[in-house]
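Below you'll find the structure, written out as structure tokens, and then a few comments.
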Amino acid sequence: MKHTGNQRKVNSFMPFSLLPITVVRHTRFFWCLFFLGGFVILAIGLGLRDPWPADEPRFALNALEMLKTGQFWFPHRAGEIYPDKPPVFMWAMAIGIALTGSVRWGFMLPSLLAAFGTLFLVADLTKRLYGIRIALLAGVALLSTFQFALQARTAQIDMSLTFFTTLGAYGFLRYSLIDAKNIWWYVSWIAMGIGILTKGVGFLPLALIPGWILFYKQGVVHHPAWKQYIKGFSLLILTVSLWVVPMVLIATFGDDSSLTAYRDNILFKQTGERYANSWHHLNPWYYYLASVIPWAWLPLILAFPWLIKHWQRRLRRRDAKIWMPLSAILLILLFFSLSPGKRGVYILPTIPLLIWAVAPSIPGLLQQKGLNYLATFTIIAISGTLLTAGVLGGYGVSSLNELSQHYGVVPWNWWMTIGALSIPLILWLKPHRGMLIFVIWMLAFWVSWSTWGYVLMNTARSPHDMMQNVLRITGKNASLALPDFDEEFVLQAQQPVVQFGFKTPLEKQLQRAYAWVKQSPGERWILTRANQAKGEACIDQSEKHDLGIQNSDHWWLLPGSAFSQCPGNEKSAPLYEAPTTK
């Protein structure tokens, strides 16, 4: 095989180029080695930490309650129905916990497998379109993209959603650009249906269709007959109906009003109303452009000045391989920008599309001197900030020490180490290979995050140790009330726990808690935020056990006898017993 000078330059940027050329020729071996390495990078740290707020403890608690009660159709948390999400992600987490026998090992499995599946889909389609070398570069680009790497290590719904939206987009693009096999058309619609059951916006791959139709009219891509649209949409409806129809029937014809409220909330409030009239995460229309994309799409965002010219040339050549995913990204950003409620994680499904739109440009981008120097400057700024903060924190700068004490983490050695890593990388690879430096540093950062970082942060982010302390103070036969509770405390509780309705006003929760604790003051305790207890004059604060700071709040543990002067009301709020703590 003859290699051109440009090919040798491109290969010099690939971490795999260190392998002997005889191994590189064995494409299947090389391909498998890449995915093995990708899986290891994504899986490092599995089992090293507990679920962290805000969302992870909630979903882990949902999954545990499903396993404990056998109620899989309607998610619950601490004995109360959880009305905000459909159950597919909780099912996946429950399977992970059941297979591993451990919350720590099982709660991260859905995100890990979804991230690995997304990596495979991105690399496989790229290989079919451009060849194995471009596919490997695209895979490395995905692994090093900041938001993808972060969410792959986060047990939230969005990574699983991204897998299903990527599968939907993969099917559409493979049908239109490669082989026009109906199986991929149908797979896309089924994937969107499962995506909708995972998190309402699973239909995002439909954003590919306007560009698809445009290029079809120009004779550039395959396009299905209109009856195929009817079949595809029918498959989507059928997939969604597998859960929605039984859920609606059970909720409508049952005698449990909470199930009726769940039906209405999941079908209407969490869909159209949440999009059109959001009640939280309110941000301006330019939020994604100004506050999310600049960090979420690193390091690819650095290449945009060069990419824009490349994309313009591709448009003039009517290159559907680029413009179909690129147009879908624009439509998805427009869709989310029009809603008043915005979160950065909403645009995670655009990253696989971005990789497909960038993939054929990567070899040329790696040769751009300006881009490489920009990447070197950026990594110096990021790692230099970490290094400086680590050194100053280690020397005891008061503002950093106060921050460390507030969050209960001393990260100085970690920050100094990962910050200093850029120095040998730059000296070894030189600034003209800045993109490679950025990718290697980013992968090293995520490996350190998933090991050293997990160990450092877990005690501060998880109340596991605090709840063990609660058990030592109260004894195993005591019961615990959690007014205004957070899911992580129920998840880590070691004795029976009651709560009084997640959305019940705090004043009514406290009245119900006082009535409950007075029924057996010697065996019942209340765990509360210190600022809440200080505001209640009836509480005998001399009996408090100060548990310190956890998740930025100060916590007190109080025995039932401390509330003897507090007026209780058994009718002020419902009482739920957490099945996972019985």
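In the structure tokens, each chain is lettered A, B, ... as it comes, each chain's residues begin at 1, and ligands are numbered from 1 in order of appearance.
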
Can you check which parts of segment 69-182 of chain A lie within 7 Å of segment 349-360 of chain A? Per residue, the shortest pair of atoms and distance in Å to one decimal, counting only C-alpha atoms, sorted by chain and number, as CSV.
residue,atom,partner,partner_atom,distance
A:Val122,CA,A:Pro352,CA,6.3
A:Thr126,CA,A:Trp356,CA,6.7
A:Tyr130,CA,A:Pro360,CA,6.9
A:Ile134,CA,A:Ala359,CA,6.4
A:Ala138,CA,A:Ala359,CA,5.5
A:Leu142,CA,A:Ile355,CA,6.7
A:Thr162,CA,A:Pro349,CA,4.8
A:Thr165,CA,A:Pro349,CA,6.6
A:Thr166,CA,A:Pro352,CA,6.7

>> Residues within 9 Å of Ser564 of chain A, please, as a ChimeraX atom specification. Count only C-alpha atoms; anything in the same chain fewer than 3 positions from it doesn't count.
In response: /A:514,518,521,538-540,560-561,567

>> Can you pull out every residue from segment 293-482 of chain A that DSSP, working from the backbone, puts in helix (DSSP H, G or I), and format the result as a ChimeraX atom specification?
In response: /A:293-296,300-316,320-338,344-347,350-365,369-394,398-407,412-420,422-429,431-461,464-474

> Residues at most 7 Å from Ser176 of chain A, counting only C-alpha atoms, excluding those fewer than 2 positions away in the same chain, as a VMD selection string?
Replying inline: chain A and resid 172 to 174 178 180 221 to 223

Residues of the last selection are to be written out with N, CA and C atoms, as a PDB file, in the first residue's frame.
ATOM      1  N   PHE A 172     -31.827   6.744   9.680  1.00  0.00           N
ATOM      2  CA  PHE A 172     -32.208   7.646   8.589  1.00  0.00           C
ATOM      3  C   PHE A 172     -31.044   7.885   7.634  1.00  0.00           C
ATOM      4  N   LEU A 173     -29.863   8.175   8.191  1.00  0.00           N
ATOM      5  CA  LEU A 173     -28.709   8.500   7.349  1.00  0.00           C
ATOM      6  C   LEU A 173     -28.204   7.273   6.590  1.00  0.00           C
ATOM      7  N   ARG A 174     -28.231   6.129   7.247  1.00  0.00           N
ATOM      8  CA  ARG A 174     -27.783   4.926   6.543  1.00  0.00           C
ATOM      9  C   ARG A 174     -28.741   4.596   5.398  1.00  0.00           C
ATOM     10  N   ILE A 178     -26.589   5.380   2.106  1.00  0.00           N
ATOM     11  CA  ILE A 178     -25.775   4.184   1.863  1.00  0.00           C
ATOM     12  C   ILE A 178     -26.537   3.110   1.105  1.00  0.00           C
ATOM     13  N   ALA A 180     -30.277   2.230   1.429  1.00  0.00           N
ATOM     14  CA  ALA A 180     -31.731   2.327   1.227  1.00  0.00           C
ATOM     15  C   ALA A 180     -32.468   1.065   1.660  1.00  0.00           C
ATOM     16  N   VAL A 221     -29.958  11.875  -2.742  1.00  0.00           N
ATOM     17  CA  VAL A 221     -30.090  10.833  -1.725  1.00  0.00           C
ATOM     18  C   VAL A 221     -31.266   9.918  -2.051  1.00  0.00           C
ATOM     19  N   HIS A 222     -31.250   8.747  -1.405  1.00  0.00           N
ATOM     20  CA  HIS A 222     -32.410   7.859  -1.464  1.00  0.00           C
ATOM     21  C   HIS A 222     -33.522   8.440  -0.586  1.00  0.00           C
ATOM     22  N   HIS A 223     -34.741   8.207  -0.991  1.00  0.00           N
ATOM     23  CA  HIS A 223     -35.868   8.694  -0.201  1.00  0.00           C
ATOM     24  C   HIS A 223     -36.986   7.669  -0.264  1.00  0.00           C
TER      25      HIS A 223
END

> Contacts of segment 340-346 of chain A at 12 Å or less, counting only C-alpha atoms, minus same-chain residues fewer than 3 places along, as a VMD selection string?
Replying inline: chain A and resid 146 to 148 150 to 152 154 156 to 159 161 to 162 199 to 202 204 270 272 to 297 332 to 337 349 to 351

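For the choices A:Phe304, A:Phe563, A:Trp212, A:Phe35, the atom-to-atom distance to Gln541 of chain A is smallest for A:Phe563 when using only C-alpha atoms.
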
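Counting only C-alpha atoms, Val455 of chain A has the following residues at most 12 Å away, ignoring those fewer than 2 positions along the same chain: Gly45, Leu46, Gly47, Leu48, Arg49, Asp50, Val409, Val410, Pro411, Trp414, Ser448, Trp449, Ser450, Thr451, Trp452, Gly453, Met457, Asn458, Thr459, Ala460, Arg461 and Ser462 of chain A.
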
Let's have the selection written as a PDB file, in the first residue's frame, with N, CA and C atoms.
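Printed below is again.pdb as written:
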ATOM      1  N   GLY A  45     -13.771   3.923  36.662  1.00  0.00           N
ATOM      2  CA  GLY A  45     -14.438   4.565  37.792  1.00  0.00           C
ATOM      3  C   GLY A  45     -15.750   3.920  38.177  1.00  0.00           C
ATOM      4  N   LEU A  46     -16.222   2.971  37.375  1.00  0.00           N
ATOM      5  CA  LEU A  46     -17.483   2.301  37.700  1.00  0.00           C
ATOM      6  C   LEU A  46     -17.360   1.635  39.068  1.00  0.00           C
ATOM      7  N   GLY A  47     -18.299   1.910  39.950  1.00  0.00           N
ATOM      8  CA  GLY A  47     -18.298   1.321  41.288  1.00  0.00           C
ATOM      9  C   GLY A  47     -17.532   2.116  42.322  1.00  0.00           C
ATOM     10  N   LEU A  48     -16.936   3.251  41.932  1.00  0.00           N
ATOM     11  CA  LEU A  48     -16.135   4.026  42.881  1.00  0.00           C
ATOM     12  C   LEU A  48     -16.940   5.090  43.623  1.00  0.00           C
ATOM     13  N   ARG A  49     -18.163   5.329  43.206  1.00  0.00           N
ATOM     14  CA  ARG A  49     -18.926   6.387  43.878  1.00  0.00           C
ATOM     15  C   ARG A  49     -20.392   6.018  43.991  1.00  0.00           C
ATOM     16  N   ASP A  50     -21.077   6.770  44.840  1.00  0.00           N
ATOM     17  CA  ASP A  50     -22.528   6.651  45.008  1.00  0.00           C
ATOM     18  C   ASP A  50     -23.232   7.604  44.034  1.00  0.00           C
ATOM     19  N   VAL A 409     -14.311  19.317  50.154  1.00  0.00           N
ATOM     20  CA  VAL A 409     -13.385  18.676  49.220  1.00  0.00           C
ATOM     21  C   VAL A 409     -12.063  19.437  49.247  1.00  0.00           C
ATOM     22  N   VAL A 410     -10.955  18.694  49.280  1.00  0.00           N
ATOM     23  CA  VAL A 410      -9.624  19.301  49.193  1.00  0.00           C
ATOM     24  C   VAL A 410      -8.977  18.794  47.900  1.00  0.00           C
ATOM     25  N   PRO A 411      -9.155  19.517  46.793  1.00  0.00           N
ATOM     26  CA  PRO A 411      -8.740  18.992  45.483  1.00  0.00           C
ATOM     27  C   PRO A 411      -7.375  19.475  45.014  1.00  0.00           C
ATOM     28  N   TRP A 414      -4.896  17.065  43.236  1.00  0.00           N
ATOM     29  CA  TRP A 414      -5.505  16.613  41.977  1.00  0.00           C
ATOM     30  C   TRP A 414      -5.398  17.706  40.925  1.00  0.00           C
ATOM     31  N   SER A 448      -8.804  10.870  35.253  1.00  0.00           N
ATOM     32  CA  SER A 448      -8.534  11.321  36.624  1.00  0.00           C
ATOM     33  C   SER A 448      -9.824  11.692  37.347  1.00  0.00           C
ATOM     34  N   TRP A 449     -10.761  12.291  36.626  1.00  0.00           N
ATOM     35  CA  TRP A 449     -12.075  12.630  37.200  1.00  0.00           C
ATOM     36  C   TRP A 449     -12.767  11.363  37.701  1.00  0.00           C
ATOM     37  N   SER A 450     -12.696  10.299  36.916  1.00  0.00           N
ATOM     38  CA  SER A 450     -13.422   9.064  37.222  1.00  0.00           C
ATOM     39  C   SER A 450     -12.725   8.209  38.273  1.00  0.00           C
ATOM     40  N   THR A 451     -11.554   8.581  38.711  1.00  0.00           N
ATOM     41  CA  THR A 451     -10.828   7.818  39.723  1.00  0.00           C
ATOM     42  C   THR A 451     -10.504   8.715  40.917  1.00  0.00           C
ATOM     43  N   TRP A 452      -9.482   9.517  40.771  1.00  0.00           N
ATOM     44  CA  TRP A 452      -9.062  10.422  41.829  1.00  0.00           C
ATOM     45  C   TRP A 452     -10.203  11.358  42.228  1.00  0.00           C
ATOM     46  N   GLY A 453     -10.875  11.935  41.239  1.00  0.00           N
ATOM     47  CA  GLY A 453     -11.965  12.867  41.517  1.00  0.00           C
ATOM     48  C   GLY A 453     -13.119  12.207  42.241  1.00  0.00           C
ATOM     49  N   MET A 457     -14.439  13.397  45.923  1.00  0.00           N
ATOM     50  CA  MET A 457     -15.719  14.092  46.014  1.00  0.00           C
ATOM     51  C   MET A 457     -16.846  13.263  46.602  1.00  0.00           C
ATOM     52  N   ASN A 458     -16.700  11.940  46.668  1.00  0.00           N
ATOM     53  CA  ASN A 458     -17.850  11.117  47.005  1.00  0.00           C
ATOM     54  C   ASN A 458     -18.396  11.403  48.395  1.00  0.00           C
ATOM     55  N   THR A 459     -17.500  11.587  49.380  1.00  0.00           N
ATOM     56  CA  THR A 459     -17.982  11.849  50.740  1.00  0.00           C
ATOM     57  C   THR A 459     -18.760  13.155  50.803  1.00  0.00           C
ATOM     58  N   ALA A 460     -18.321  14.149  50.018  1.00  0.00           N
ATOM     59  CA  ALA A 460     -19.015  15.435  50.027  1.00  0.00           C
ATOM     60  C   ALA A 460     -20.315  15.399  49.239  1.00  0.00           C
ATOM     61  N   ARG A 461     -20.353  14.621  48.150  1.00  0.00           N
ATOM     62  CA  ARG A 461     -21.528  14.598  47.287  1.00  0.00           C
ATOM     63  C   ARG A 461     -22.562  13.569  47.713  1.00  0.00           C
ATOM     64  N   SER A 462     -22.162  12.557  48.464  1.00  0.00           N
ATOM     65  CA  SER A 462     -23.083  11.510  48.908  1.00  0.00           C
ATOM     66  C   SER A 462     -23.186  11.518  50.424  1.00  0.00           C
TER      67      SER A 462
END
